Every structure is written in structure tokens, then in C-alpha cells.
file upload10.txt (compact mmCIF, N, CA and C atoms)
# COMPACT_ATOMS: atom_id res chain seq x y z
N LEU A 273 87.98 107.20 75.68
CA LEU A 273 88.33 107.85 76.91
C LEU A 273 89.82 108.07 77.06
N LEU A 274 90.61 107.48 76.20
CA LEU A 274 92.06 107.65 76.27
C LEU A 274 92.48 108.90 75.52
N GLN A 275 93.51 109.53 76.02
CA GLN A 275 94.01 110.73 75.37
C GLN A 275 94.70 110.37 74.05
N SER A 276 94.39 111.11 73.02
CA SER A 276 94.96 110.82 71.71
C SER A 276 96.46 111.15 71.64
N THR A 277 96.97 111.94 72.59
CA THR A 277 98.38 112.30 72.58
C THR A 277 99.26 111.23 73.20
N TRP A 278 98.67 110.25 73.86
CA TRP A 278 99.46 109.17 74.45
C TRP A 278 99.97 108.25 73.35
N ASP A 279 101.25 107.92 73.40
CA ASP A 279 101.78 107.01 72.40
C ASP A 279 102.35 105.74 73.02
N ASN A 280 102.26 105.60 74.34
CA ASN A 280 102.73 104.41 75.03
C ASN A 280 101.71 104.01 76.08
N TYR A 281 101.55 102.70 76.26
CA TYR A 281 100.65 102.18 77.28
C TYR A 281 101.38 101.08 78.04
N PHE A 282 100.99 100.90 79.28
CA PHE A 282 101.60 99.85 80.10
C PHE A 282 100.47 98.98 80.64
N PHE A 283 100.37 97.77 80.13
CA PHE A 283 99.38 96.82 80.60
C PHE A 283 100.03 95.95 81.67
N CYS A 284 99.31 95.71 82.76
CA CYS A 284 99.88 94.92 83.83
C CYS A 284 98.83 93.97 84.38
N SER A 285 99.30 93.01 85.17
CA SER A 285 98.40 91.96 85.65
C SER A 285 98.07 92.07 87.13
N SER A 286 98.61 93.05 87.83
CA SER A 286 98.31 93.20 89.25
C SER A 286 98.44 94.66 89.67
N GLY A 287 97.85 94.98 90.80
CA GLY A 287 97.98 96.32 91.34
C GLY A 287 99.41 96.65 91.71
N ALA A 288 100.12 95.67 92.28
CA ALA A 288 101.52 95.90 92.65
C ALA A 288 102.36 96.21 91.42
N GLU A 289 102.10 95.51 90.33
CA GLU A 289 102.84 95.78 89.10
C GLU A 289 102.52 97.18 88.57
N ALA A 290 101.27 97.60 88.70
CA ALA A 290 100.89 98.95 88.29
C ALA A 290 101.60 100.00 89.14
N ILE A 291 101.68 99.78 90.44
CA ILE A 291 102.37 100.72 91.34
C ILE A 291 103.85 100.77 91.01
N GLU A 292 104.47 99.61 90.80
CA GLU A 292 105.90 99.58 90.46
C GLU A 292 106.15 100.33 89.15
N GLY A 293 105.26 100.16 88.18
CA GLY A 293 105.38 100.89 86.92
C GLY A 293 105.22 102.38 87.12
N ALA A 294 104.29 102.78 87.99
CA ALA A 294 104.08 104.20 88.28
C ALA A 294 105.31 104.81 88.95
N ILE A 295 105.94 104.05 89.85
CA ILE A 295 107.16 104.53 90.52
C ILE A 295 108.25 104.78 89.48
N ARG A 296 108.46 103.80 88.63
CA ARG A 296 109.50 103.94 87.60
C ARG A 296 109.22 105.11 86.68
N ALA A 297 107.97 105.24 86.26
CA ALA A 297 107.61 106.34 85.35
C ALA A 297 107.81 107.69 86.03
N ALA A 298 107.31 107.83 87.26
CA ALA A 298 107.44 109.11 87.96
C ALA A 298 108.90 109.48 88.18
N ARG A 299 109.70 108.51 88.58
CA ARG A 299 111.12 108.79 88.82
C ARG A 299 111.85 109.12 87.52
N ASN A 300 111.55 108.42 86.46
CA ASN A 300 112.21 108.68 85.17
C ASN A 300 111.80 110.02 84.59
N ILE A 301 110.53 110.35 84.70
CA ILE A 301 110.03 111.60 84.11
C ILE A 301 110.48 112.82 84.90
N THR A 302 110.39 112.74 86.24
CA THR A 302 110.70 113.91 87.07
C THR A 302 112.17 114.02 87.45
N LYS A 303 112.91 112.92 87.33
CA LYS A 303 114.31 112.85 87.79
C LYS A 303 114.39 113.10 89.30
N ARG A 304 113.33 112.74 90.01
CA ARG A 304 113.27 112.85 91.47
C ARG A 304 113.06 111.45 92.05
N GLN A 305 113.38 111.27 93.33
CA GLN A 305 113.33 109.94 93.92
C GLN A 305 112.22 109.71 94.94
N ASN A 306 111.83 110.73 95.69
CA ASN A 306 110.95 110.53 96.83
C ASN A 306 109.49 110.38 96.45
N ILE A 307 108.74 109.74 97.35
CA ILE A 307 107.32 109.47 97.14
C ILE A 307 106.58 109.77 98.43
N MET A 308 105.45 110.44 98.31
CA MET A 308 104.57 110.68 99.46
C MET A 308 103.37 109.75 99.34
N VAL A 309 103.02 109.09 100.44
CA VAL A 309 101.84 108.22 100.48
C VAL A 309 100.95 108.65 101.64
N MET A 310 99.76 108.09 101.68
CA MET A 310 98.81 108.42 102.73
C MET A 310 98.80 107.34 103.81
N GLN A 311 98.69 107.77 105.04
CA GLN A 311 98.64 106.84 106.17
C GLN A 311 97.42 105.93 106.01
N GLY A 312 97.64 104.63 106.22
CA GLY A 312 96.55 103.67 106.12
C GLY A 312 96.37 103.06 104.74
N SER A 313 97.28 103.37 103.83
CA SER A 313 97.13 102.89 102.45
C SER A 313 97.72 101.50 102.26
N PHE A 314 97.23 100.80 101.25
CA PHE A 314 97.77 99.50 100.85
C PHE A 314 98.07 99.57 99.36
N HIS A 315 99.32 99.23 99.01
CA HIS A 315 99.71 99.31 97.60
C HIS A 315 100.26 98.00 97.05
N GLY A 316 100.45 97.00 97.89
CA GLY A 316 100.91 95.72 97.39
C GLY A 316 101.97 95.12 98.29
N ARG A 317 102.45 93.93 97.88
CA ARG A 317 103.38 93.19 98.72
C ARG A 317 104.73 92.95 98.08
N THR A 318 105.02 93.62 96.97
CA THR A 318 106.38 93.55 96.44
C THR A 318 107.25 94.45 97.30
N ASN A 319 108.55 94.38 97.15
CA ASN A 319 109.44 95.17 98.02
C ASN A 319 109.16 96.66 97.97
N ALA A 320 109.06 97.21 96.77
CA ALA A 320 108.80 98.65 96.67
C ALA A 320 107.41 98.98 97.20
N CYS A 321 106.44 98.16 96.89
CA CYS A 321 105.07 98.43 97.36
C CYS A 321 104.96 98.34 98.86
N LEU A 322 105.73 97.44 99.48
CA LEU A 322 105.71 97.34 100.94
C LEU A 322 106.17 98.65 101.59
N ALA A 323 107.11 99.33 100.96
CA ALA A 323 107.58 100.61 101.49
C ALA A 323 106.49 101.67 101.46
N LEU A 324 105.53 101.51 100.56
CA LEU A 324 104.44 102.47 100.39
C LEU A 324 103.19 102.08 101.17
N THR A 325 103.14 100.85 101.65
CA THR A 325 101.97 100.34 102.36
C THR A 325 102.07 100.66 103.85
N THR A 326 101.07 101.37 104.36
CA THR A 326 101.10 101.77 105.77
C THR A 326 99.86 101.31 106.53
N SER A 327 99.08 100.41 105.93
CA SER A 327 97.84 99.98 106.58
C SER A 327 98.10 99.05 107.75
N LYS A 328 99.08 98.16 107.62
CA LYS A 328 99.40 97.21 108.69
C LYS A 328 100.90 96.93 108.68
N TYR A 329 101.51 96.95 109.84
CA TYR A 329 102.94 96.69 109.94
C TYR A 329 103.28 95.27 109.51
N VAL A 330 102.37 94.34 109.77
CA VAL A 330 102.64 92.93 109.53
C VAL A 330 103.01 92.64 108.08
N TYR A 331 102.53 93.43 107.13
CA TYR A 331 102.87 93.18 105.73
C TYR A 331 104.37 93.26 105.48
N ALA A 332 105.05 94.15 106.15
CA ALA A 332 106.49 94.33 105.92
C ALA A 332 107.34 93.68 107.01
N PHE A 333 106.72 93.01 107.95
CA PHE A 333 107.46 92.39 109.04
C PHE A 333 108.50 91.41 108.49
N GLY A 334 109.73 91.58 108.92
CA GLY A 334 110.82 90.72 108.47
C GLY A 334 111.42 91.12 107.13
N SER A 335 110.92 92.18 106.52
CA SER A 335 111.41 92.61 105.21
C SER A 335 112.20 93.90 105.24
N ARG A 336 112.39 94.44 106.40
CA ARG A 336 113.06 95.74 106.50
C ARG A 336 114.57 95.56 106.45
N PRO A 337 115.32 96.52 105.96
CA PRO A 337 114.91 97.86 105.58
C PRO A 337 114.23 97.86 104.21
N LEU A 338 113.29 98.77 104.07
CA LEU A 338 112.54 98.91 102.82
C LEU A 338 113.11 100.07 102.00
N MET A 339 112.53 100.29 100.84
CA MET A 339 112.95 101.37 99.95
C MET A 339 112.91 102.71 100.69
N PRO A 340 113.98 103.48 100.65
CA PRO A 340 113.99 104.79 101.32
C PRO A 340 113.27 105.85 100.50
N GLY A 341 113.09 107.02 101.10
CA GLY A 341 112.53 108.16 100.38
C GLY A 341 111.03 108.22 100.37
N VAL A 342 110.39 107.53 101.33
CA VAL A 342 108.93 107.51 101.38
C VAL A 342 108.45 108.33 102.57
N GLY A 343 107.61 109.32 102.31
CA GLY A 343 107.00 110.12 103.35
C GLY A 343 105.54 109.72 103.51
N VAL A 344 105.03 109.81 104.73
CA VAL A 344 103.66 109.39 105.02
C VAL A 344 102.88 110.58 105.58
N ALA A 345 101.73 110.85 104.99
CA ALA A 345 100.87 111.96 105.42
C ALA A 345 99.52 111.41 105.90
N PRO A 346 98.89 112.08 106.87
CA PRO A 346 97.59 111.62 107.36
C PRO A 346 96.47 111.96 106.40
N VAL A 347 95.38 111.22 106.55
CA VAL A 347 94.15 111.49 105.79
C VAL A 347 93.09 111.99 106.76
N PRO A 348 92.09 112.72 106.26
CA PRO A 348 91.11 113.35 107.15
C PRO A 348 90.04 112.40 107.68
N TYR A 349 90.45 111.51 108.56
CA TYR A 349 89.52 110.62 109.25
C TYR A 349 89.75 110.71 110.74
N THR A 350 88.70 110.61 111.48
CA THR A 350 88.80 110.73 112.94
C THR A 350 89.71 109.66 113.52
N THR A 351 89.70 108.47 112.94
CA THR A 351 90.55 107.39 113.46
C THR A 351 92.03 107.67 113.21
N GLN A 352 92.36 108.37 112.14
CA GLN A 352 93.75 108.70 111.84
C GLN A 352 94.24 109.87 112.69
N LEU A 353 93.36 110.85 112.88
CA LEU A 353 93.76 112.07 113.59
C LEU A 353 93.52 112.01 115.10
N LYS A 354 92.83 110.96 115.54
CA LYS A 354 92.53 110.80 116.98
C LYS A 354 91.75 111.99 117.52
N VAL A 355 90.70 112.35 116.79
CA VAL A 355 89.83 113.46 117.20
C VAL A 355 88.42 112.92 117.45
N ASP A 356 87.57 113.77 117.96
CA ASP A 356 86.19 113.41 118.25
C ASP A 356 85.52 112.86 116.98
N PRO A 357 84.75 111.76 117.11
CA PRO A 357 84.08 111.19 115.94
C PRO A 357 83.14 112.16 115.22
N ASN A 358 82.73 113.21 115.90
CA ASN A 358 81.84 114.20 115.28
C ASN A 358 82.59 115.41 114.73
N ALA A 359 83.91 115.28 114.63
CA ALA A 359 84.73 116.40 114.14
C ALA A 359 84.33 116.76 112.71
N SER A 360 84.50 118.02 112.38
CA SER A 360 84.16 118.54 111.06
C SER A 360 85.12 117.99 110.00
N VAL A 361 84.54 117.46 108.93
CA VAL A 361 85.34 116.94 107.81
C VAL A 361 86.16 118.08 107.19
N GLY A 362 85.55 119.25 107.10
CA GLY A 362 86.26 120.40 106.55
C GLY A 362 87.47 120.78 107.37
N GLU A 363 87.34 120.77 108.68
CA GLU A 363 88.47 121.11 109.56
C GLU A 363 89.55 120.03 109.49
N MET A 364 89.14 118.76 109.47
CA MET A 364 90.13 117.68 109.36
C MET A 364 90.86 117.76 108.02
N THR A 365 90.15 118.10 106.97
CA THR A 365 90.76 118.25 105.65
C THR A 365 91.80 119.36 105.68
N ARG A 366 91.44 120.51 106.23
CA ARG A 366 92.40 121.63 106.33
C ARG A 366 93.62 121.23 107.16
N GLN A 367 93.38 120.52 108.27
CA GLN A 367 94.48 120.09 109.14
C GLN A 367 95.41 119.14 108.39
N CYS A 368 94.86 118.17 107.69
CA CYS A 368 95.69 117.19 106.98
C CYS A 368 96.47 117.83 105.83
N LEU A 369 95.85 118.74 105.11
CA LEU A 369 96.56 119.43 104.03
C LEU A 369 97.69 120.29 104.59
N GLY A 370 97.45 120.92 105.74
CA GLY A 370 98.50 121.69 106.40
C GLY A 370 99.66 120.81 106.83
N ILE A 371 99.35 119.63 107.39
CA ILE A 371 100.39 118.69 107.79
C ILE A 371 101.17 118.22 106.57
N MET A 372 100.46 117.91 105.49
CA MET A 372 101.12 117.47 104.26
C MET A 372 102.09 118.53 103.75
N GLU A 373 101.67 119.78 103.75
CA GLU A 373 102.55 120.85 103.29
C GLU A 373 103.77 120.97 104.21
N ASP A 374 103.55 120.86 105.52
CA ASP A 374 104.67 120.89 106.46
C ASP A 374 105.65 119.74 106.18
N LEU A 375 105.11 118.54 105.98
CA LEU A 375 105.96 117.38 105.72
C LEU A 375 106.79 117.57 104.46
N LEU A 376 106.21 118.24 103.46
CA LEU A 376 106.94 118.46 102.21
C LEU A 376 108.14 119.38 102.39
N PHE A 377 108.16 120.12 103.47
CA PHE A 377 109.31 121.00 103.71
C PHE A 377 110.15 120.58 104.91
N GLN A 378 109.62 119.66 105.73
CA GLN A 378 110.35 119.26 106.93
C GLN A 378 111.03 117.90 106.78
N THR A 379 110.39 116.95 106.11
CA THR A 379 110.98 115.61 106.00
C THR A 379 111.57 115.34 104.63
N GLN A 380 111.15 116.09 103.65
CA GLN A 380 111.71 116.06 102.31
C GLN A 380 111.36 117.38 101.66
N HIS A 381 111.89 117.63 100.50
CA HIS A 381 111.63 118.91 99.83
C HIS A 381 110.85 118.64 98.55
N PRO A 382 109.93 119.54 98.19
CA PRO A 382 109.16 119.32 96.96
C PRO A 382 110.02 119.04 95.73
N SER A 383 111.21 119.61 95.70
CA SER A 383 112.09 119.38 94.55
C SER A 383 112.63 117.96 94.50
N GLU A 384 112.40 117.17 95.55
CA GLU A 384 112.84 115.77 95.60
C GLU A 384 111.70 114.77 95.43
N VAL A 385 110.46 115.26 95.40
CA VAL A 385 109.29 114.37 95.37
C VAL A 385 108.88 114.08 93.94
N ALA A 386 108.92 112.81 93.57
CA ALA A 386 108.53 112.38 92.23
C ALA A 386 107.03 112.22 92.10
N MET A 387 106.37 111.79 93.18
CA MET A 387 104.94 111.55 93.09
C MET A 387 104.30 111.56 94.47
N VAL A 388 103.01 111.89 94.47
CA VAL A 388 102.16 111.73 95.64
C VAL A 388 101.17 110.64 95.26
N LEU A 389 101.23 109.54 95.98
CA LEU A 389 100.39 108.39 95.67
C LEU A 389 99.22 108.35 96.64
N VAL A 390 98.02 108.40 96.10
CA VAL A 390 96.83 108.44 96.95
C VAL A 390 95.77 107.50 96.40
N GLU A 391 95.14 106.76 97.30
CA GLU A 391 93.98 105.94 96.94
C GLU A 391 92.74 106.79 97.23
N PRO A 392 91.96 107.12 96.22
CA PRO A 392 90.75 107.92 96.48
C PRO A 392 89.78 107.23 97.43
N VAL A 393 89.85 105.90 97.46
CA VAL A 393 89.06 105.12 98.42
C VAL A 393 90.02 104.17 99.12
N LEU A 394 90.26 104.40 100.42
CA LEU A 394 91.11 103.49 101.18
C LEU A 394 90.34 102.19 101.37
N GLY A 395 90.94 101.06 101.00
CA GLY A 395 90.20 99.81 101.01
C GLY A 395 90.61 98.81 102.06
N GLU A 396 91.56 99.10 102.91
CA GLU A 396 91.96 98.18 103.97
C GLU A 396 91.11 98.43 105.21
N GLY A 397 90.41 97.41 105.65
CA GLY A 397 89.61 97.54 106.86
C GLY A 397 88.34 98.33 106.66
N GLY A 398 87.81 98.31 105.46
CA GLY A 398 86.60 99.06 105.14
C GLY A 398 86.84 99.88 103.89
N TYR A 399 85.81 100.51 103.42
CA TYR A 399 85.93 101.35 102.24
C TYR A 399 85.68 102.78 102.65
N LEU A 400 86.75 103.55 102.70
CA LEU A 400 86.68 104.93 103.18
C LEU A 400 87.03 105.88 102.04
N PRO A 401 86.03 106.47 101.41
CA PRO A 401 86.34 107.44 100.35
C PRO A 401 86.91 108.73 100.95
N LEU A 402 87.95 109.22 100.34
CA LEU A 402 88.53 110.48 100.80
C LEU A 402 87.63 111.63 100.36
N PRO A 403 87.50 112.66 101.20
CA PRO A 403 86.66 113.80 100.83
C PRO A 403 87.17 114.48 99.55
N ALA A 404 86.23 114.89 98.72
CA ALA A 404 86.58 115.56 97.46
C ALA A 404 87.44 116.79 97.71
N ALA A 405 87.15 117.52 98.79
CA ALA A 405 87.93 118.73 99.10
C ALA A 405 89.38 118.37 99.42
N TYR A 406 89.60 117.22 100.04
CA TYR A 406 90.96 116.78 100.35
C TYR A 406 91.71 116.44 99.06
N LEU A 407 91.07 115.70 98.17
CA LEU A 407 91.70 115.36 96.90
C LEU A 407 92.01 116.60 96.07
N LYS A 408 91.09 117.56 96.06
CA LYS A 408 91.33 118.82 95.35
C LYS A 408 92.49 119.58 96.00
N GLY A 409 92.52 119.58 97.34
CA GLY A 409 93.61 120.23 98.06
C GLY A 409 94.96 119.61 97.76
N LEU A 410 95.00 118.28 97.66
CA LEU A 410 96.25 117.61 97.28
C LEU A 410 96.69 118.01 95.88
N ARG A 411 95.72 118.07 94.96
CA ARG A 411 96.04 118.48 93.58
C ARG A 411 96.60 119.90 93.58
N ASP A 412 95.95 120.79 94.34
CA ASP A 412 96.41 122.18 94.41
C ASP A 412 97.82 122.26 95.02
N LEU A 413 98.06 121.46 96.05
CA LEU A 413 99.37 121.44 96.69
C LEU A 413 100.44 120.93 95.72
N CYS A 414 100.11 119.91 94.96
CA CYS A 414 101.07 119.39 93.97
C CYS A 414 101.35 120.42 92.88
N ASN A 415 100.32 121.14 92.47
CA ASN A 415 100.52 122.17 91.45
C ASN A 415 101.38 123.32 91.97
N LYS A 416 101.29 123.57 93.26
CA LYS A 416 102.04 124.67 93.89
C LYS A 416 103.52 124.35 93.88
call {"tool": "encode", "arguments": {"input": "upload10.txt", "output": "C-alpha cells"}}
result
Amino acid sequence: LLQSTWDNYFFCSSGAEAIEGAIRAARNITKRQNIMVMQGSFHGRTNACLALTTSKYVYAFGSRPLMPGVGVAPVPYTTQLKVDPNASVGEMTRQCLGIMEDLLFQTQHPSEVAMVLVEPVLGEGGYLPLPAAYLKGLRDLCNK
């Protein structure tokens, strides 16, 4: 299942270590500094990971200021968007992708973003899989 063109691998012992490695790789490869994360995500408790974790404030309490250059975008859930519980997933997906695109030009610029970090299944406070259309939309936005 591994690509034959890969000539380097990074083995790690924790999720936080994997995230820290991903940050370093993205910044080194792209020569960009900023990172976009999703609201409600958990990425770990190391200093850099705390800057990317938005599920609970308590994780970073007493540790601020954290790593700069982190933008936060909403995910298409009624609890995040404060909309009717029966709201259309398709409409919430379109709304969140529109907000994400706005954030990429209002709070930082795409030329400064090294990576968009997304958990396909948000695992804090339940297991919430992100809609496939949202993930595809994020991929399309990154390609743009």
C-alpha cells in the first residue's frame, strides 16, 4: 500500500509526534508557515499541537501564547454553525467551504498556508465523521 516513489519514512510513537512531524515537513517542503485547522479538533498536548487543538480551551489553559499562524475554520455540523438540527448537510457543507475560502483571503493568504489539517472523524466528545462532500471540497479548495 505504500508508494514505491517514497524514499523516507517517519515512524513515531504518538499522535502528537506525528502532527509535529507533519508540521515540520509541510513547512520545510512548502516554505510557508501558516496552518489551517478545523473547529473542534484535537491534535495533542505538546506546545505546537495545543495551538492546533480547538476542542476545549482547558487543554491550553496557562500555556498561552501558543504558536502563531494558525487559522480555524468551521465544520458542517449544526452544533458548530448554531443552525437548526434538521439543517441540510449539503447547505452546511457549502457554507463551511465558503467560510474557509473567505478565511484564506481575510485572515491569512493561500501563499502563506503550509497545510490544512483535518480529522476526517472528529473524536472529541463523540465520533463525528465529516461529510465526504466537505472533504472533497477541502481538497478542491487546496488544489485551487
call {"tool": "residues_around", "arguments": {"input": "upload10.txt", "residues": "Thr326 in chain A", "least_positions_apart": "3", "cutoff": "5 Å", "atoms": "only N, CA and C atoms", "output": "list in words"}}
result
Gly312, Ser313 and Phe314 of chain A
call {"tool": "write_last_selection", "arguments": {"input": "upload10.txt", "atoms": "N, CA and C atoms", "output": "PDB file, keeping the file's coordinate frame"}}
result
ATOM      1  N   GLY A 312      97.640 104.630 106.220  1.00  0.00           N
ATOM      2  CA  GLY A 312      96.550 103.670 106.120  1.00  0.00           C
ATOM      3  C   GLY A 312      96.370 103.060 104.740  1.00  0.00           C
ATOM      4  N   SER A 313      97.280 103.370 103.830  1.00  0.00           N
ATOM      5  CA  SER A 313      97.130 102.890 102.450  1.00  0.00           C
ATOM      6  C   SER A 313      97.720 101.500 102.260  1.00  0.00           C
ATOM      7  N   PHE A 314      97.230 100.800 101.250  1.00  0.00           N
ATOM      8  CA  PHE A 314      97.770  99.500 100.850  1.00  0.00           C
ATOM      9  C   PHE A 314      98.070  99.570  99.360  1.00  0.00           C
TER      10      PHE A 314
END
call {"tool": "residues_around", "arguments": {"input": "upload10.txt", "residues": "range 334-338 of chain A", "least_positions_apart": "5", "cutoff": "8 Å", "atoms": "all atoms listed in the file", "output": "list in words"}}
result
Asn319, Ala320, Leu322, Ala323, Leu324 and Tyr329 of chain A
call {"tool": "select_by_dssp", "arguments": {"input": "upload10.txt", "residues": "chain A", "states": "strand (DSSP E or B)", "output": "ChimeraX atom specification"}}
result
/A:306-310,342-345,385-389,393-394,400-401
call {"tool": "write_last_selection", "arguments": {"input": "upload10.txt", "atoms": "N, CA and C atoms", "output": "PDB file, in the frame of the given file"}}
result
ATOM      1  N   ASN A 306     111.830 110.730  95.690  1.00  0.00           N
ATOM      2  CA  ASN A 306     110.950 110.530  96.830  1.00  0.00           C
ATOM      3  C   ASN A 306     109.490 110.380  96.450  1.00  0.00           C
ATOM      4  N   ILE A 307     108.740 109.740  97.350  1.00  0.00           N
ATOM      5  CA  ILE A 307     107.320 109.470  97.140  1.00  0.00           C
ATOM      6  C   ILE A 307     106.580 109.770  98.430  1.00  0.00           C
ATOM      7  N   MET A 308     105.450 110.440  98.310  1.00  0.00           N
ATOM      8  CA  MET A 308     104.570 110.680  99.460  1.00  0.00           C
ATOM      9  C   MET A 308     103.370 109.750  99.340  1.00  0.00           C
ATOM     10  N   VAL A 309     103.020 109.090 100.440  1.00  0.00           N
ATOM     11  CA  VAL A 309     101.840 108.220 100.480  1.00  0.00           C
ATOM     12  C   VAL A 309     100.950 108.650 101.640  1.00  0.00           C
ATOM     13  N   MET A 310      99.760 108.090 101.680  1.00  0.00           N
ATOM     14  CA  MET A 310      98.810 108.420 102.730  1.00  0.00           C
ATOM     15  C   MET A 310      98.800 107.340 103.810  1.00  0.00           C
ATOM     16  N   VAL A 342     110.390 107.530 101.330  1.00  0.00           N
ATOM     17  CA  VAL A 342     108.930 107.510 101.380  1.00  0.00           C
ATOM     18  C   VAL A 342     108.450 108.330 102.570  1.00  0.00           C
ATOM     19  N   GLY A 343     107.610 109.320 102.310  1.00  0.00           N
ATOM     20  CA  GLY A 343     107.000 110.120 103.350  1.00  0.00           C
ATOM     21  C   GLY A 343     105.540 109.720 103.510  1.00  0.00           C
ATOM     22  N   VAL A 344     105.030 109.810 104.730  1.00  0.00           N
ATOM     23  CA  VAL A 344     103.660 109.390 105.020  1.00  0.00           C
ATOM     24  C   VAL A 344     102.880 110.580 105.580  1.00  0.00           C
ATOM     25  N   ALA A 345     101.730 110.850 104.990  1.00  0.00           N
ATOM     26  CA  ALA A 345     100.870 111.960 105.420  1.00  0.00           C
ATOM     27  C   ALA A 345      99.520 111.410 105.900  1.00  0.00           C
ATOM     28  N   VAL A 385     110.460 115.260  95.400  1.00  0.00           N
ATOM     29  CA  VAL A 385     109.290 114.370  95.370  1.00  0.00           C
ATOM     30  C   VAL A 385     108.880 114.080  93.940  1.00  0.00           C
ATOM     31  N   ALA A 386     108.920 112.810  93.570  1.00  0.00           N
ATOM     32  CA  ALA A 386     108.530 112.380  92.230  1.00  0.00           C
ATOM     33  C   ALA A 386     107.030 112.220  92.100  1.00  0.00           C
ATOM     34  N   MET A 387     106.370 111.790  93.180  1.00  0.00           N
ATOM     35  CA  MET A 387     104.940 111.550  93.090  1.00  0.00           C
ATOM     36  C   MET A 387     104.300 111.560  94.470  1.00  0.00           C
ATOM     37  N   VAL A 388     103.010 111.890  94.470  1.00  0.00           N
ATOM     38  CA  VAL A 388     102.160 111.730  95.640  1.00  0.00           C
ATOM     39  C   VAL A 388     101.170 110.640  95.260  1.00  0.00           C
ATOM     40  N   LEU A 389     101.230 109.540  95.980  1.00  0.00           N
ATOM     41  CA  LEU A 389     100.390 108.390  95.670  1.00  0.00           C
ATOM     42  C   LEU A 389      99.220 108.350  96.640  1.00  0.00           C
ATOM     43  N   VAL A 393      89.850 105.900  97.460  1.00  0.00           N
ATOM     44  CA  VAL A 393      89.060 105.120  98.420  1.00  0.00           C
ATOM     45  C   VAL A 393      90.020 104.170  99.120  1.00  0.00           C
ATOM     46  N   LEU A 394      90.260 104.400 100.420  1.00  0.00           N
ATOM     47  CA  LEU A 394      91.110 103.490 101.180  1.00  0.00           C
ATOM     48  C   LEU A 394      90.340 102.190 101.370  1.00  0.00           C
ATOM     49  N   LEU A 400      86.750 103.550 102.700  1.00  0.00           N
ATOM     50  CA  LEU A 400      86.680 104.930 103.180  1.00  0.00           C
ATOM     51  C   LEU A 400      87.030 105.880 102.040  1.00  0.00           C
ATOM     52  N   PRO A 401      86.030 106.470 101.410  1.00  0.00           N
ATOM     53  CA  PRO A 401      86.340 107.440 100.350  1.00  0.00           C
ATOM     54  C   PRO A 401      86.910 108.730 100.950  1.00  0.00           C
TER      55      PRO A 401
END
call {"tool": "residues_around", "arguments": {"input": "upload10.txt", "residues": "Gln367 in chain A", "least_positions_apart": "2", "cutoff": "12 Å", "atoms": "only C-alpha atoms", "output": "ChimeraX atom specification"}}
result
/A:345-350,352-353,355,359-365,369-374,406,409
call {"tool": "select_by_dssp", "arguments": {"input": "upload10.txt", "residues": "chain A", "states": "alpha helix (DSSP H)", "output": "PyMOL selection string"}}
result
chain A and resi 287-302+319-324+350-353+361-378+404-415
call {"tool": "build_atoms", "arguments": {"input": "upload10.txt", "residues": "range 323-335 of chain A", "atoms": "N, CA, C and O atoms", "output": "CSV table (one decimal), in the frame of the given file"}}
result
chain,number,residue,atom,x,y,z
A,323,ALA,N,107.1,99.3,101.0
A,323,ALA,CA,107.6,100.6,101.5
A,323,ALA,C,106.5,101.7,101.5
A,323,ALA,O,106.5,102.6,102.3
A,324,LEU,N,105.5,101.5,100.6
A,324,LEU,CA,104.4,102.5,100.4
A,324,LEU,C,103.2,102.1,101.2
A,324,LEU,O,102.3,102.9,101.3
A,325,THR,N,103.1,100.8,101.6
A,325,THR,CA,102.0,100.3,102.4
A,325,THR,C,102.1,100.7,103.8
A,325,THR,O,103.1,100.3,104.5
A,326,THR,N,101.1,101.4,104.4
A,326,THR,CA,101.1,101.8,105.8
A,326,THR,C,99.9,101.3,106.5
A,326,THR,O,99.6,101.8,107.6
A,327,SER,N,99.1,100.4,105.9
A,327,SER,CA,97.8,100.0,106.6
A,327,SER,C,98.1,99.0,107.8
A,327,SER,O,97.4,99.1,108.8
A,328,LYS,N,99.1,98.2,107.6
A,328,LYS,CA,99.4,97.2,108.7
A,328,LYS,C,100.9,96.9,108.7
A,328,LYS,O,101.5,96.7,107.6
A,329,TYR,N,101.5,97.0,109.8
A,329,TYR,CA,102.9,96.7,109.9
A,329,TYR,C,103.3,95.3,109.5
A,329,TYR,O,104.3,95.0,108.9
A,330,VAL,N,102.4,94.3,109.8
A,330,VAL,CA,102.6,92.9,109.5
A,330,VAL,C,103.0,92.6,108.1
A,330,VAL,O,103.8,91.7,107.8
A,331,TYR,N,102.5,93.4,107.1
A,331,TYR,CA,102.9,93.2,105.7
A,331,TYR,C,104.4,93.3,105.5
A,331,TYR,O,104.9,92.5,104.7
A,332,ALA,N,105.0,94.2,106.2
A,332,ALA,CA,106.5,94.3,105.9
A,332,ALA,C,107.3,93.7,107.0
A,332,ALA,O,108.6,93.8,107.0
A,333,PHE,N,106.7,93.0,108.0
A,333,PHE,CA,107.5,92.4,109.0
A,333,PHE,C,108.5,91.4,108.5
A,333,PHE,O,108.2,90.6,107.7
A,334,GLY,N,109.7,91.6,108.9
A,334,GLY,CA,110.8,90.7,108.5
A,334,GLY,C,111.4,91.1,107.1
A,334,GLY,O,112.3,90.5,106.7
A,335,SER,N,110.9,92.2,106.5
A,335,SER,CA,111.4,92.6,105.2
A,335,SER,C,112.2,93.9,105.2
A,335,SER,O,112.6,94.4,104.2
